[in-house]
Amino acid sequence: MASKKPLRPRTKTGSLVALTDLWKRYRDHHNAADAVHMTLREAILHGVLRAGQPLGEIQLAEIFGRSRTPVREAVLKLESEGLAARFPRRGLMVAEITREEILEVYAVREMLDGLSARLAAMGILPTELDRLVWLNDRIRVAAAAGERKAMIDLNIEFHEAICQAGRNTLLQEFMRRIHEWVRRFEDTTMSYPGRGLEACGEHDCLIEAIRARDPDKAERIAREHMSRARQIRINMIHAAAAGSADKLARAAPDDHHPTQPSS
């Protein structure tokens with residue numbers, strides 16, 4: 001597979017450039033339908049294509065320089081994966097994630113992270129433990145600098161490293177799938193005031209429990225860590241809803257003081 005390159009910013013022009021860069025990674029290594037699917041899938045998971053953006057066959061065929069047939073196959077596969085959704089009169093678009101789905105993701109993450117930590121505490125290697133420390137140090141630096149994208153990527157890498165240390169391939173697959181959902185979130189709890197450094201402190205406690213080979217403690221800390229993240233996510237959802245309601249209130253006409261007709 002071709003080497004990875006950093007994605008460009010998500011401006012309208014930047015999205016097109018980033019999509020083209022992704023296409024170059026896959027076009028010569030897979031058949032047309034698979035290459036288009038892999039390009040669009042990665043673009044959605046990494047925020048190049050945002051929720052609500054159209055996935056028109058004609059436009060995509062022009063971008064990729066392929067016929068509409070492989071593009072149609074690719075977008076239908078995205079639809080079956082829940083990454084695309086069809087809307088009346090608007091066609092196929094990048095699927096949105098509802099608040100309910102976000103909270104469902106956290107419920108599953110709490111279970112998966114707890115099991116991952118338990119298994120890691122039972123058989124982690126010294127080199128894997130060193131990697132956890134190194135990753136958490138990098139998260140701490142990114143949090144202090146307010147680097148949102150780095151915090152997201154490093155945090156996912158940290159939790160996947162714990163999962164890999166447990167050596168359960170089925171659990172690793174579940175973890176990979178749940179993190180695909182996480183990457184699609186519009187924001188991160190790590191950007192909540194003070195949460196980045198707070199999470200690093202929780203990671204420190206988790207690392208020490210794993211280092212001590214204490215499966216019960218490691219599982220408990222991991223679940224509490226994700227439970228805390230879930231609560232912060234709920235706070236963020238409520239704050240966003242309150243902000244939207246406030247904007248609507250300010251934009252609405254004042255029923256108590258109707259505008260006087262002009263003379």
# chains A, B, ... in the order shown; residues from 1 in each chain; ligands from 1
call {"tool": "residues_around", "arguments": {"residues": "Tyr106 in chain A", "least_positions_apart": "5", "cutoff": "10 Å", "atoms": "only C-alpha atoms", "output": "list in words"}}
result
Glu101, Met111, Leu112, Ile178, Val182, Met226, Ser227, Ala229, Arg230, Gln231 and Arg233 of chain A
call {"tool": "select_by_dssp", "arguments": {"residues": "range 65-195 of chain A", "states": "strand (DSSP E)", "output": "number ranges by chain"}}
result
A: 84-87, 91-94
call {"tool": "residues_around", "arguments": {"residues": "Ala33 in chain A", "least_positions_apart": "5", "cutoff": "7 Å", "atoms": "only C-alpha atoms", "output": "PyMOL selection string"}}
result
chain A and resi 70-71+73-74
call {"tool": "closest_residue", "arguments": {"among": "A:Leu119, A:Gly65, A:Glu157, A:Ile124", "to": "Asn136 in chain A", "atoms": "only C-alpha atoms"}}
result
A:Glu157
call {"tool": "closest_residue", "arguments": {"among": "A:Glu96, A:Glu79, A:Glu128, A:Asp137", "to": "Phe185 in chain A", "atoms": "only C-alpha atoms"}}
result
A:Glu96
call {"tool": "residues_around", "arguments": {"residues": "Thr188 in chain A", "least_positions_apart": "3", "cutoff": "10 Å", "atoms": "only C-alpha atoms", "output": "ChimeraX atom specification"}}
result
/A:148-149,151-152,182-185,191-192,195-196,229,232-233,236
call {"tool": "closest_residue", "arguments": {"among": "A:Arg176, A:Ala239, A:Ala117, A:Ala144", "to": "Leu206 in chain A", "atoms": "only C-alpha atoms"}}
result
A:Ala117
call {"tool": "residues_around", "arguments": {"residues": "Ala32 in chain A", "least_positions_apart": "3", "cutoff": "8 Å", "atoms": "only C-alpha atoms", "output": "list in words"}}
result
Arg27, Ala35, Val36, Arg66 and Pro70 of chain A
call {"tool": "write_last_selection", "arguments": {"atoms": "all heavy atoms", "output": "compact mmCIF listing (two decimals), in the first residue's frame"}}
result
# COMPACT_ATOMS: atom_id res chain seq x y z
N ARG A 27 -5.76 4.34 -6.14
CA ARG A 27 -6.21 4.10 -7.51
C ARG A 27 -5.40 3.04 -8.24
O ARG A 27 -5.94 2.31 -9.09
CB ARG A 27 -6.19 5.40 -8.30
CG ARG A 27 -4.79 5.98 -8.49
CD ARG A 27 -4.81 7.31 -9.21
NE ARG A 27 -3.47 7.83 -9.36
CZ ARG A 27 -3.19 9.04 -9.85
NH1 ARG A 27 -4.19 9.84 -10.21
NH2 ARG A 27 -1.94 9.45 -9.96
N ALA A 35 -11.22 1.01 -5.02
CA ALA A 35 -10.40 2.21 -4.83
C ALA A 35 -11.27 3.41 -4.49
O ALA A 35 -10.93 4.21 -3.60
CB ALA A 35 -9.57 2.49 -6.08
N VAL A 36 -12.39 3.56 -5.18
CA VAL A 36 -13.31 4.68 -4.89
C VAL A 36 -13.89 4.52 -3.49
O VAL A 36 -13.95 5.48 -2.72
CB VAL A 36 -14.44 4.74 -5.94
CG1 VAL A 36 -15.49 5.77 -5.52
CG2 VAL A 36 -13.88 5.09 -7.31
N ARG A 66 -13.38 8.13 -13.42
CA ARG A 66 -13.89 6.78 -13.66
C ARG A 66 -15.35 6.88 -14.10
O ARG A 66 -15.98 7.93 -13.97
CB ARG A 66 -13.79 5.92 -12.40
CG ARG A 66 -12.37 5.64 -11.94
CD ARG A 66 -11.62 4.75 -12.94
NE ARG A 66 -10.32 4.34 -12.44
CZ ARG A 66 -9.19 5.00 -12.63
NH1 ARG A 66 -9.23 6.14 -13.30
NH2 ARG A 66 -8.04 4.55 -12.17
N PRO A 70 -18.48 2.06 -11.16
CA PRO A 70 -17.73 1.78 -9.92
C PRO A 70 -18.04 2.76 -8.80
O PRO A 70 -18.01 2.40 -7.62
CB PRO A 70 -16.27 1.88 -10.36
CG PRO A 70 -16.27 2.70 -11.60
CD PRO A 70 -17.57 2.36 -12.27
call {"tool": "residues_around", "arguments": {"residues": "range 159-168 of chain A", "least_positions_apart": "6", "cutoff": "9 Å", "atoms": "only C-alpha atoms", "output": "list in words"}}
result
Leu112, Asp113, Leu115, Ser116, Ala117, Arg118, Leu119, Ala120, Ala121, Met122, Gly123, Ile124, Leu125, Glu128, Leu129, Arg131, Leu132, Met175, Arg176 and His179 of chain A
call {"tool": "select_by_dssp", "arguments": {"residues": "range 43-248 of chain A", "states": "helix (DSSP H, G or I)", "output": "PyMOL selection string"}}
result
chain A and resi 43-45+57-64+68-80+99-123+126-145+148-165+169-183+189-191+195-211+215-248
